[in-house]
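Novice: Got a structure for you, entry_17.pdb, holding PDB, C-alpha atoms, pLDDT in the B column.
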```pdb
MODEL        1
ATOM      1  CA  MET A   1     -21.493 214.054 -90.100  1.00 36.00           C
ATOM      2  CA  GLU A   2     -19.292 211.714 -92.078  1.00 39.00           C
ATOM      3  CA  ALA A   3     -20.197 210.063 -95.369  1.00 40.00           C
ATOM      4  CA  PRO A   4     -19.352 206.378 -95.859  1.00 41.00           C
ATOM      5  CA  ARG A   5     -15.903 205.880 -97.381  1.00 40.00           C
ATOM      6  CA  ARG A   6     -17.471 204.072-100.364  1.00 37.00           C
ATOM      7  CA  SER A   7     -19.399 207.222-101.322  1.00 38.00           C
ATOM      8  CA  PHE A   8     -16.175 209.215-101.587  1.00 39.00           C
ATOM      9  CA  VAL A   9     -14.484 206.552-103.711  1.00 38.00           C
ATOM     10  CA  ARG A  10     -17.407 206.243-106.103  1.00 35.00           C
ATOM     11  CA  THR A  11     -17.671 209.998-106.584  1.00 35.00           C
ATOM     12  CA  LEU A  12     -13.943 210.352-107.203  1.00 39.00           C
ATOM     13  CA  LEU A  13     -13.882 207.697-109.909  1.00 39.00           C
ATOM     14  CA  LEU A  14     -16.816 209.079-111.868  1.00 38.00           C
ATOM     15  CA  SER A  15     -14.648 211.698-113.562  1.00 44.00           C
ATOM     16  CA  THR A  16     -11.671 209.521-114.425  1.00 47.00           C
ATOM     17  CA  ALA A  17     -10.463 207.487-117.381  1.00 51.00           C
ATOM     18  CA  TRP A  18      -8.079 204.546-117.457  1.00 50.00           C
ATOM     19  CA  MET A  19      -5.616 203.832-120.270  1.00 49.00           C
ATOM     20  CA  SER A  20      -3.566 200.631-120.255  1.00 46.00           C
ATOM     21  CA  GLY A  21      -1.394 198.678-122.667  1.00 42.00           C
ATOM     22  CA  VAL A  22      -2.307 195.050-123.297  1.00 36.00           C
ATOM     23  CA  SER A  23      -0.167 192.905-125.662  1.00 31.00           C
ATOM     24  CA  GLY A  24       1.103 195.998-127.451  1.00 34.00           C
ATOM     25  CA  MET A  25      -2.397 197.358-127.995  1.00 33.00           C
ATOM     26  CA  LYS A  26      -3.830 200.351-126.165  1.00 37.00           C
ATOM     27  CA  ARG A  27      -7.126 199.806-124.421  1.00 38.00           C
ATOM     28  CA  LEU A  28      -9.310 202.496-122.887  1.00 36.00           C
ATOM     29  CA  HIS A  29     -11.616 201.815-119.956  1.00 33.00           C
ATOM     30  CA  LEU A  30     -14.257 204.264-118.756  1.00 29.00           C
ATOM     31  CA  SER A  31     -14.444 204.071-115.002  1.00 29.00           C
ATOM     32  CA  ALA A  32     -18.157 204.929-115.079  1.00 25.00           C
ATOM     33  CA  GLU A  33     -18.670 201.500-116.657  1.00 25.00           C
ATOM     34  CA  LEU A  34     -16.868 199.825-113.763  1.00 26.00           C
ATOM     35  CA  ILE A  35     -18.007 201.853-110.751  1.00 28.00           C
ATOM     36  CA  PRO A  36     -21.689 202.406-109.799  1.00 30.00           C
ATOM     37  CA  SER A  37     -22.819 206.011-110.078  1.00 33.00           C
ATOM     38  CA  ALA A  38     -23.074 207.936-106.819  1.00 43.00           C
ATOM     39  CA  GLU A  39     -26.510 209.221-105.946  1.00 50.00           C
ATOM     40  CA  GLY A  40     -27.221 212.942-106.076  1.00 62.00           C
ATOM     41  CA  ASN A  41     -25.095 215.658-107.639  1.00 80.00           C
ATOM     42  CA  GLU A  42     -22.253 215.858-105.118  1.00 83.00           C
ATOM     43  CA  GLY A  43     -18.667 216.028-106.260  1.00 86.00           C
ATOM     44  CA  LEU A  44     -15.514 215.232-104.325  1.00 86.00           C
ATOM     45  CA  LEU A  45     -13.214 218.043-103.237  1.00 90.00           C
ATOM     46  CA  SER A  46      -9.833 216.945-101.891  1.00 89.00           C
ATOM     47  CA  ILE A  47      -7.496 219.418-100.183  1.00 93.00           C
ATOM     48  CA  GLN A  48      -4.327 219.227 -98.106  1.00 93.00           C
ATOM     49  CA  PRO A  49      -5.006 221.181 -94.884  1.00 96.00           C
ATOM     50  CA  SER A  50      -1.247 221.606 -94.425  1.00 95.00           C
ATOM     51  CA  ASP A  51      -1.303 223.898 -97.482  1.00 95.00           C
ATOM     52  CA  TYR A  52      -3.365 226.413 -95.473  1.00 96.00           C
ATOM     53  CA  PRO A  53      -1.540 227.872 -92.431  1.00 97.00           C
ATOM     54  CA  ALA A  54      -4.825 229.101 -90.925  1.00 97.00           C
ATOM     55  CA  LEU A  55      -5.928 225.491 -90.368  1.00 97.00           C
ATOM     56  CA  SER A  56      -2.911 224.644 -88.218  1.00 96.00           C
ATOM     57  CA  GLN A  57      -4.607 225.865 -85.035  1.00 96.00           C
ATOM     58  CA  SER A  58      -7.993 225.797 -83.317  1.00 96.00           C
ATOM     59  CA  GLY A  59     -10.307 228.498 -84.629  1.00 97.00           C
ATOM     60  CA  GLY A  60      -8.542 228.573 -87.981  1.00 98.00           C
ATOM     61  CA  SER A  61     -10.818 229.118 -90.971  1.00 98.00           C
ATOM     62  CA  ILE A  62     -10.532 229.309 -94.757  1.00 98.00           C
ATOM     63  CA  ARG A  63     -13.076 230.086 -97.470  1.00 98.00           C
ATOM     64  CA  LEU A  64     -12.673 228.286-100.780  1.00 97.00           C
ATOM     65  CA  GLY A  65     -14.587 229.290-103.887  1.00 95.00           C
ATOM     66  CA  PHE A  66     -15.080 227.842-107.342  1.00 94.00           C
ATOM     67  CA  ASN A  67     -16.505 231.019-108.892  1.00 94.00           C
ATOM     68  CA  PRO A  68     -15.137 234.501-108.085  1.00 94.00           C
ATOM     69  CA  ILE A  69     -17.016 236.459-105.397  1.00 96.00           C
ATOM     70  CA  ARG A  70     -18.633 239.636-106.742  1.00 96.00           C
ATOM     71  CA  SER A  71     -18.815 242.997-104.971  1.00 96.00           C
ATOM     72  CA  ASN A  72     -22.349 242.124-103.789  1.00 96.00           C
ATOM     73  CA  HIS A  73     -20.808 239.171-101.866  1.00 97.00           C
ATOM     74  CA  GLN A  74     -22.388 236.515-104.087  1.00 95.00           C
ATOM     75  CA  PRO A  75     -20.576 234.088-106.426  1.00 95.00           C
ATOM     76  CA  ASP A  76     -20.217 235.032-110.077  1.00 95.00           C
ATOM     77  CA  GLY A  77     -21.576 231.658-111.159  1.00 92.00           C
ATOM     78  CA  THR A  78     -23.605 228.692-109.954  1.00 90.00           C
ATOM     79  CA  LEU A  79     -21.259 227.252-107.305  1.00 93.00           C
ATOM     80  CA  GLN A  80     -21.340 228.547-103.748  1.00 94.00           C
ATOM     81  CA  PRO A  81     -18.078 228.826-101.759  1.00 97.00           C
ATOM     82  CA  LEU A  82     -17.433 226.673 -98.713  1.00 97.00           C
ATOM     83  CA  LEU A  83     -15.784 227.109 -95.330  1.00 98.00           C
ATOM     84  CA  ILE A  84     -13.344 224.716 -93.681  1.00 98.00           C
ATOM     85  CA  ASN A  85     -12.738 225.280 -89.971  1.00 98.00           C
ATOM     86  CA  ARG A  86     -10.452 223.752 -87.368  1.00 98.00           C
ATOM     87  CA  LEU A  87     -12.701 223.074 -84.365  1.00 97.00           C
ATOM     88  CA  GLU A  88     -11.678 223.248 -80.717  1.00 96.00           C
ATOM     89  CA  ASP A  89     -11.297 219.458 -80.528  1.00 96.00           C
ATOM     90  CA  GLY A  90      -8.800 219.559 -83.416  1.00 96.00           C
ATOM     91  CA  THR A  91     -11.089 218.092 -86.068  1.00 96.00           C
ATOM     92  CA  LEU A  92     -11.919 219.778 -89.365  1.00 98.00           C
ATOM     93  CA  LYS A  93     -15.431 220.745 -90.365  1.00 98.00           C
ATOM     94  CA  ALA A  94     -16.636 221.701 -93.849  1.00 98.00           C
ATOM     95  CA  MET A  95     -19.768 223.745 -94.449  1.00 98.00           C
ATOM     96  CA  SER A  96     -21.401 226.003 -96.981  1.00 98.00           C
ATOM     97  CA  ALA A  97     -20.414 229.678 -96.892  1.00 98.00           C
ATOM     98  CA  GLU A  98     -23.863 230.602 -98.240  1.00 98.00           C
ATOM     99  CA  CYS A  99     -25.871 232.583 -95.708  1.00 98.00           C
ATOM    100  CA  PRO A 100     -29.351 230.992 -95.444  1.00 97.00           C
ATOM    101  CA  HIS A 101     -30.934 234.449 -95.291  1.00 97.00           C
ATOM    102  CA  GLY A 102     -29.931 236.106 -98.574  1.00 95.00           C
ATOM    103  CA  SER A 103     -27.312 233.773-100.124  1.00 96.00           C
ATOM    104  CA  CYS A 104     -24.378 236.132 -99.518  1.00 98.00           C
ATOM    105  CA  ALA A 105     -20.997 234.514 -98.821  1.00 98.00           C
ATOM    106  CA  VAL A 106     -20.220 234.749 -95.105  1.00 98.00           C
ATOM    107  CA  ARG A 107     -16.694 235.663 -94.067  1.00 98.00           C
ATOM    108  CA  THR A 108     -14.162 233.327 -92.486  1.00 98.00           C
ATOM    109  CA  TYR A 109     -14.295 232.852 -88.732  1.00 98.00           C
ATOM    110  CA  SER A 110     -12.995 235.765 -86.665  1.00 97.00           C
ATOM    111  CA  THR A 111     -11.459 234.939 -83.288  1.00 94.00           C
ATOM    112  CA  GLY A 112     -12.069 238.575 -82.333  1.00 94.00           C
ATOM    113  CA  SER A 113     -15.854 238.483 -82.753  1.00 96.00           C
ATOM    114  CA  GLN A 114     -15.973 234.721 -82.098  1.00 97.00           C
ATOM    115  CA  SER A 115     -18.140 234.291 -85.181  1.00 98.00           C
ATOM    116  CA  HIS A 116     -18.600 234.096 -88.912  1.00 98.00           C
ATOM    117  CA  VAL A 117     -20.316 237.300 -90.050  1.00 98.00           C
ATOM    118  CA  CYS A 118     -22.479 237.776 -93.133  1.00 98.00           C
ATOM    119  CA  PRO A 119     -21.393 241.044 -94.815  1.00 98.00           C
ATOM    120  CA  CYS A 120     -24.888 241.711 -96.204  1.00 98.00           C
ATOM    121  CA  HIS A 121     -27.213 241.660 -93.184  1.00 97.00           C
ATOM    122  CA  ALA A 122     -24.892 240.873 -90.236  1.00 97.00           C
ATOM    123  CA  SER A 123     -26.095 237.370 -89.391  1.00 98.00           C
ATOM    124  CA  ARG A 124     -23.554 235.663 -87.128  1.00 98.00           C
ATOM    125  CA  PHE A 125     -22.573 231.995 -86.854  1.00 98.00           C
ATOM    126  CA  ARG A 126     -20.378 229.959 -84.498  1.00 98.00           C
ATOM    127  CA  LEU A 127     -17.230 228.077 -85.470  1.00 98.00           C
ATOM    128  CA  ASP A 128     -19.320 224.936 -86.037  1.00 98.00           C
ATOM    129  CA  GLY A 129     -21.768 226.856 -88.271  1.00 98.00           C
ATOM    130  CA  SER A 130     -24.658 227.091 -85.821  1.00 98.00           C
ATOM    131  CA  ARG A 131     -26.628 230.348 -85.768  1.00 98.00           C
ATOM    132  CA  ILE A 132     -25.921 233.034 -83.149  1.00 98.00           C
ATOM    133  CA  SER A 133     -28.010 236.014 -84.247  1.00 98.00           C
ATOM    134  CA  GLY A 134     -29.344 238.034 -87.173  1.00 98.00           C
ATOM    135  CA  PRO A 135     -32.016 237.459 -89.826  1.00 98.00           C
ATOM    136  CA  ALA A 136     -30.669 234.054 -90.917  1.00 98.00           C
ATOM    137  CA  PRO A 137     -33.350 231.495 -89.913  1.00 98.00           C
ATOM    138  CA  PHE A 138     -30.842 228.704 -89.164  1.00 98.00           C
ATOM    139  CA  GLY A 139     -27.160 227.804 -89.282  1.00 98.00           C
ATOM    140  CA  LEU A 140     -24.812 227.052 -92.161  1.00 98.00           C
ATOM    141  CA  GLU A 141     -25.226 223.783 -94.054  1.00 98.00           C
ATOM    142  CA  THR A 142     -22.703 221.108 -93.072  1.00 98.00           C
ATOM    143  CA  TYR A 143     -20.985 219.129 -95.841  1.00 97.00           C
ATOM    144  CA  PRO A 144     -19.978 215.471 -95.289  1.00 95.00           C
ATOM    145  CA  SER A 145     -16.212 215.310 -94.855  1.00 95.00           C
ATOM    146  CA  GLU A 146     -13.590 212.722 -94.006  1.00 93.00           C
ATOM    147  CA  GLU A 147      -9.936 213.074 -93.041  1.00 93.00           C
ATOM    148  CA  GLN A 148      -7.746 210.599 -94.926  1.00 90.00           C
ATOM    149  CA  PRO A 149      -4.704 208.570 -93.774  1.00 90.00           C
ATOM    150  CA  ASP A 150      -2.428 210.725 -95.957  1.00 87.00           C
ATOM    151  CA  GLY A 151      -3.587 213.879 -94.138  1.00 91.00           C
ATOM    152  CA  SER A 152      -5.882 215.149 -96.885  1.00 92.00           C
ATOM    153  CA  LEU A 153      -9.505 216.120 -96.340  1.00 94.00           C
ATOM    154  CA  HIS A 154     -12.253 214.838 -98.637  1.00 92.00           C
ATOM    155  CA  VAL A 155     -15.459 216.867 -98.816  1.00 93.00           C
ATOM    156  CA  LEU A 156     -18.663 216.063-100.703  1.00 91.00           C
ATOM    157  CA  VAL A 157     -19.860 219.353-102.210  1.00 92.00           C
ATOM    158  CA  PRO A 158     -23.354 219.792-103.724  1.00 91.00           C
ATOM    159  CA  ARG A 159     -23.575 220.524-107.473  1.00 88.00           C
ATOM    160  CA  LEU A 160     -19.848 219.908-107.939  1.00 87.00           C
ATOM    161  CA  ARG A 161     -20.221 216.600-109.767  1.00 85.00           C
ATOM    162  CA  PHE A 162     -19.627 216.408-113.517  1.00 86.00           C
ATOM    163  CA  THR A 163     -19.043 213.597-115.993  1.00 87.00           C
ATOM    164  CA  LEU A 164     -16.164 212.960-118.342  1.00 88.00           C
ATOM    165  CA  SER A 165     -16.242 211.346-121.788  1.00 89.00           C
ATOM    166  CA  THR A 166     -13.043 209.994-123.314  1.00 88.00           C
ATOM    167  CA  GLN A 167     -11.724 208.896-126.686  1.00 89.00           C
ATOM    168  CA  VAL A 168      -8.359 207.699-127.974  1.00 88.00           C
ATOM    169  CA  VAL A 169      -7.168 209.871-130.880  1.00 90.00           C
ATOM    170  CA  ASP A 170      -4.779 208.182-133.352  1.00 87.00           C
ATOM    171  CA  LEU A 171      -2.169 210.633-134.666  1.00 87.00           C
ATOM    172  CA  GLY A 172      -0.238 208.101-136.744  1.00 84.00           C
ATOM    173  CA  GLN A 173       3.046 207.858-134.850  1.00 82.00           C
ATOM    174  CA  SER A 174       1.400 208.386-131.481  1.00 84.00           C
ATOM    175  CA  GLN A 175      -1.908 208.508-129.684  1.00 87.00           C
ATOM    176  CA  ARG A 176      -3.533 210.965-127.340  1.00 91.00           C
ATOM    177  CA  LEU A 177      -6.460 210.677-124.992  1.00 91.00           C
ATOM    178  CA  ARG A 178      -9.212 213.264-125.446  1.00 93.00           C
ATOM    179  CA  LEU A 179     -11.093 214.240-122.277  1.00 94.00           C
ATOM    180  CA  THR A 180     -14.382 216.089-122.821  1.00 95.00           C
ATOM    181  CA  PHE A 181     -16.529 217.648-120.104  1.00 94.00           C
ATOM    182  CA  ALA A 182     -18.922 220.536-119.485  1.00 94.00           C
ATOM    183  CA  ALA A 183     -16.661 223.344-118.231  1.00 94.00           C
ATOM    184  CA  ARG A 184     -18.643 225.753-116.076  1.00 94.00           C
ATOM    185  CA  ARG A 185     -18.255 229.468-116.616  1.00 94.00           C
ATOM    186  CA  LYS A 186     -15.436 231.081-114.606  1.00 94.00           C
ATOM    187  CA  VAL A 187     -14.440 227.782-112.992  1.00 94.00           C
ATOM    188  CA  SER A 188     -10.815 226.583-113.288  1.00 95.00           C
ATOM    189  CA  TYR A 189      -9.838 222.972-114.041  1.00 95.00           C
ATOM    190  CA  GLU A 190      -6.671 220.879-114.056  1.00 94.00           C
ATOM    191  CA  VAL A 191      -5.791 217.403-115.359  1.00 93.00           C
ATOM    192  CA  VAL A 192      -4.079 214.908-113.065  1.00 90.00           C
ATOM    193  CA  ARG A 193      -2.721 211.413-113.572  1.00 88.00           C
ATOM    194  CA  ARG A 194      -1.473 208.480-111.574  1.00 85.00           C
ATOM    195  CA  ARG A 195       0.271 205.481-113.084  1.00 81.00           C
ATOM    196  CA  GLN A 196      -1.244 202.956-110.687  1.00 80.00           C
ATOM    197  CA  ILE A 197      -4.435 203.044-108.630  1.00 77.00           C
ATOM    198  CA  ASN A 198      -2.507 203.274-105.333  1.00 80.00           C
ATOM    199  CA  GLU A 199      -0.109 206.062-106.385  1.00 83.00           C
ATOM    200  CA  PRO A 200      -0.621 209.791-105.686  1.00 83.00           C
ATOM    201  CA  TRP A 201      -2.130 212.115-108.281  1.00 85.00           C
ATOM    202  CA  GLU A 202       0.251 214.309-110.285  1.00 90.00           C
ATOM    203  CA  ARG A 203      -0.677 217.333-112.378  1.00 93.00           C
ATOM    204  CA  VAL A 204       0.011 216.855-116.097  1.00 94.00           C
ATOM    205  CA  ALA A 205       0.230 219.313-118.975  1.00 97.00           C
ATOM    206  CA  PHE A 206      -2.378 219.089-121.720  1.00 97.00           C
ATOM    207  CA  ALA A 207      -3.099 220.516-125.156  1.00 98.00           C
ATOM    208  CA  GLY A 208      -6.169 222.364-126.367  1.00 96.00           C
ATOM    209  CA  SER A 209      -6.181 220.570-129.738  1.00 96.00           C
ATOM    210  CA  GLU A 210      -5.273 217.140-131.123  1.00 95.00           C
ATOM    211  CA  GLN A 211      -1.773 218.149-132.231  1.00 93.00           C
ATOM    212  CA  GLY A 212      -1.266 221.211-130.052  1.00 96.00           C
ATOM    213  CA  ALA A 213       1.641 221.680-127.660  1.00 96.00           C
ATOM    214  CA  LEU A 214       1.287 220.015-124.267  1.00 97.00           C
ATOM    215  CA  SER A 215       1.837 223.305-122.455  1.00 97.00           C
ATOM    216  CA  GLN A 216      -1.366 224.083-120.532  1.00 98.00           C
ATOM    217  CA  THR A 217      -1.878 223.215-116.867  1.00 97.00           C
ATOM    218  CA  GLU A 218      -5.168 225.047-116.183  1.00 97.00           C
ATOM    219  CA  LEU A 219      -8.340 225.656-118.157  1.00 97.00           C
ATOM    220  CA  ASP A 220     -10.871 228.394-117.398  1.00 96.00           C
ATOM    221  CA  GLY A 221     -14.406 227.272-118.193  1.00 95.00           C
ATOM    222  CA  GLU A 222     -16.673 229.283-120.485  1.00 95.00           C
ATOM    223  CA  GLY A 223     -19.949 227.470-119.874  1.00 94.00           C
ATOM    224  CA  LEU A 224     -19.428 225.177-122.879  1.00 95.00           C
ATOM    225  CA  LEU A 225     -18.171 221.669-123.596  1.00 96.00           C
ATOM    226  CA  ALA A 226     -14.380 221.621-123.384  1.00 97.00           C
ATOM    227  CA  SER A 227     -11.916 219.051-124.737  1.00 97.00           C
ATOM    228  CA  VAL A 228      -8.309 218.638-123.639  1.00 97.00           C
ATOM    229  CA  TYR A 229      -5.693 216.183-124.914  1.00 96.00           C
ATOM    230  CA  VAL A 230      -3.109 214.263-122.893  1.00 94.00           C
ATOM    231  CA  GLU A 231      -0.401 211.731-123.623  1.00 89.00           C
ATOM    232  CA  ALA A 232       0.593 208.624-121.691  1.00 73.00           C
ATOM    233  CA  PRO A 233       4.111 207.737-122.931  1.00 70.00           C
ATOM    234  CA  ASP A 234       3.931 204.244-121.426  1.00 67.00           C
ATOM    235  CA  HIS A 235       0.290 203.827-122.511  1.00 67.00           C
ATOM    236  CA  GLN A 236      -1.053 203.449-119.025  1.00 72.00           C
ATOM    237  CA  GLY A 237      -2.384 205.589-116.236  1.00 76.00           C
ATOM    238  CA  LEU A 238      -5.493 206.861-114.523  1.00 84.00           C
ATOM    239  CA  PHE A 239      -6.489 210.376-115.598  1.00 88.00           C
ATOM    240  CA  ALA A 240      -8.907 212.773-113.910  1.00 88.00           C
ATOM    241  CA  VAL A 241     -10.158 216.310-114.461  1.00 91.00           C
ATOM    242  CA  ARG A 242     -10.432 218.277-111.223  1.00 90.00           C
ATOM    243  CA  ILE A 243     -11.992 221.604-110.314  1.00 92.00           C
ATOM    244  CA  LEU A 244      -9.496 224.001-108.739  1.00 92.00           C
ATOM    245  CA  PRO A 245     -10.831 225.846-105.675  1.00 93.00           C
ATOM    246  CA  LYS A 246      -9.307 229.200-104.760  1.00 93.00           C
ATOM    247  CA  GLU A 247      -9.278 231.243-101.582  1.00 94.00           C
ATOM    248  CA  TYR A 248     -11.637 234.201-101.842  1.00 88.00           C
TER     249      TYR A 248
ENDMDL
END
```
Turn this file's structure into structure tokens for me.

Specialist:
Amino acid sequence: MEAPRRSFVRTLLLSTAWMSGVSGMKRLHLSAELIPSAEGNEGLLSIQPSDYPALSQSGGSIRLGFNPIRSNHQPDGTLQPLLINRLEDGTLKAMSAECPHGSCAVRTYSTGSQSHVCPCHASRFRLDGSRISGPAPFGLETYPSEEQPDGSLHVLVPRLRFTLSTQVVDLGQSQRLRLTFAARRKVSYEVVRRRQINEPWERVAFAGSEQGALSQTELDGEGLLASVYVEAPDHQGLFAVRILPKEY
């Protein structure tokens, strides 16, 4: 199932801020004021499949998590991991890694057993997520996904959405942009920027205080509001805070 392209664009822009220079003055625009809010609580995950060798061939499978996976095979937090598989027809499919029986995280697809296996109660699922056997009452939940012209894959993930508030901070000789958001516990974040709307995102360093050194590239959430500070030397650019998924 594919979501309309507009849904992906709207979700992406919800957590961004735009800074531009007009007649020597710096003006801040909140994208949430310009773009209608997406319905639901989905957030956009964008990955480059070429970064994952397993996805280069049919039957390839990766499991990406936002919270670490505990020894009981459940996430140490509120966000469930997801699976991305390369199907036999060459397309990519994204789905929840949460077993519908007991919420354990199922393992990546095994070409040996021809299945995903739940480590808790041995439910088994096909490459496309449909149920094979075990106590799970049905298959794995499919997430809307869309392959992009640049080769990336966009996935709408439940409960991943968050909002971003912004403020220009005047430091006298310079200005910084403060980005504030609710940072979930044990979830990692990065800040990215692009100078123009049609340019690729680039990771930027940020500071943890108004006048701190711009030396951080990742922030680990503690379940509290977090603020980071960035600079735009030419007073323009589109900034975003992104959740960093990791292979577990």

Novice: Which residues are close to Thr108 (chain A), i.e. within 6 Å by all atoms listed in the file, leaving aside same-chain residues fewer than 2 positions away? Reply as a ChimeraX atom specification.

Specialist: /A:61-62,116

Novice: Extract, using all atoms listed in the file, all DNA, RNA and protein residues at most 12 Å from Asp150 (chain A), discarding same-chain residues fewer than 4 positions from it, and format them as a ChimeraX atom specification.

Specialist: /A:46-50,146,154,198-200

Novice: Give one line per residue of region 51-125 of chain A that approaches region 214-236 of chain A to at most 12 Å, naming the two atoms of the closest pair and their distance in Å to one decimal, counting only C-alpha atoms; sort by chain then ascending residue number and deliver it as a Markdown table.

Specialist:
```
| residue | atom | partner | partner_atom | distance |
| --- | --- | --- | --- | --- |
| A:Phe66 | CA | A:Gly221 | CA | 10.9 |
| A:Asn67 | CA | A:Gly221 | CA | 10.2 |
| A:Pro68 | CA | A:Asp220 | CA | 11.9 |
| A:Gly77 | CA | A:Gly223 | CA | 9.8 |
| A:Thr78 | CA | A:Gly223 | CA | 10.6 |
```

Novice: Could you jot down the CA of Leu127 (chain A) to CA of Tyr109 (chain A) separation for me, Å, one decimal place?

Specialist: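 Interatomic distance, CA of Leu127 (chain A) to CA of Tyr109 (chain A): 6.5 Å.
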
Novice: Taking all atoms listed in the file into account, which of A:Thr111, A:Glu210, A:Ala54, A:Ser123 comes nearest Gly172 (chain A)?

Specialist: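 For Gly172 (chain A), the nearest of the given residues is A:Glu210.
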
Novice: May I ask which of the residues A:Arg193, A:Thr180, A:Arg86, A:Ala94 is the closest one to Phe162 (chain A), counting only C-alpha atoms?

Specialist: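 Answer, going by the shortest atom-to-atom distance: A:Thr180.
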
Novice: Report as a count of residues only the full result of the PyMOL selection byres ((chain A and resi 85) around 12) when it is applied to this structure.

Specialist: 44

Novice: For Val241 (chain A), which of A:Gln148, A:Gln80, A:Thr166, A:Ser113 is the closest residue, counting all atoms listed in the file?

Specialist: A:Thr166

Novice: If I take CA of Cys99 (chain A) and CA of Ala182 (chain A), how far is one from the other in Å, to one decimal?

Specialist: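 These atoms are spaced 27.5 Å apart.
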
Novice: So the first atom is CA of Cys104 (chain A) and the second is CA of Pro81 (chain A); what is the distance between them in Å, to one decimal place?

Specialist: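 We find that CA of Cys104 (chain A) and CA of Pro81 (chain A) lie 9.9 Å from each other.
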
Novice: Need the shell around Val168 (chain A): protein/DNA/RNA residues with any atom at most 8 Å away, counting only C-alpha atoms. Skip same-chain ones fewer than 2 positions apart. Format as a PDB file with C-alpha atoms, in the coordinates of the input?

Specialist:
```
ATOM      1  CA  LEU A  28      -9.310 202.496-122.887  1.00 36.00           C
ATOM      2  CA  THR A 166     -13.043 209.994-123.314  1.00 88.00           C
ATOM      3  CA  ASP A 170      -4.779 208.182-133.352  1.00 87.00           C
ATOM      4  CA  GLN A 175      -1.908 208.508-129.684  1.00 87.00           C
ATOM      5  CA  ARG A 176      -3.533 210.965-127.340  1.00 91.00           C
ATOM      6  CA  LEU A 177      -6.460 210.677-124.992  1.00 91.00           C
ATOM      7  CA  ARG A 178      -9.212 213.264-125.446  1.00 93.00           C
TER       8      ARG A 178
END
```

Novice: Closest to Val169 (chain A) among A:Val117, A:Glu247, A:Pro135, A:Gln211, using only C-alpha atoms?

Specialist: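 Distance minimum relative to Val169 (chain A) lands on A:Gln211.
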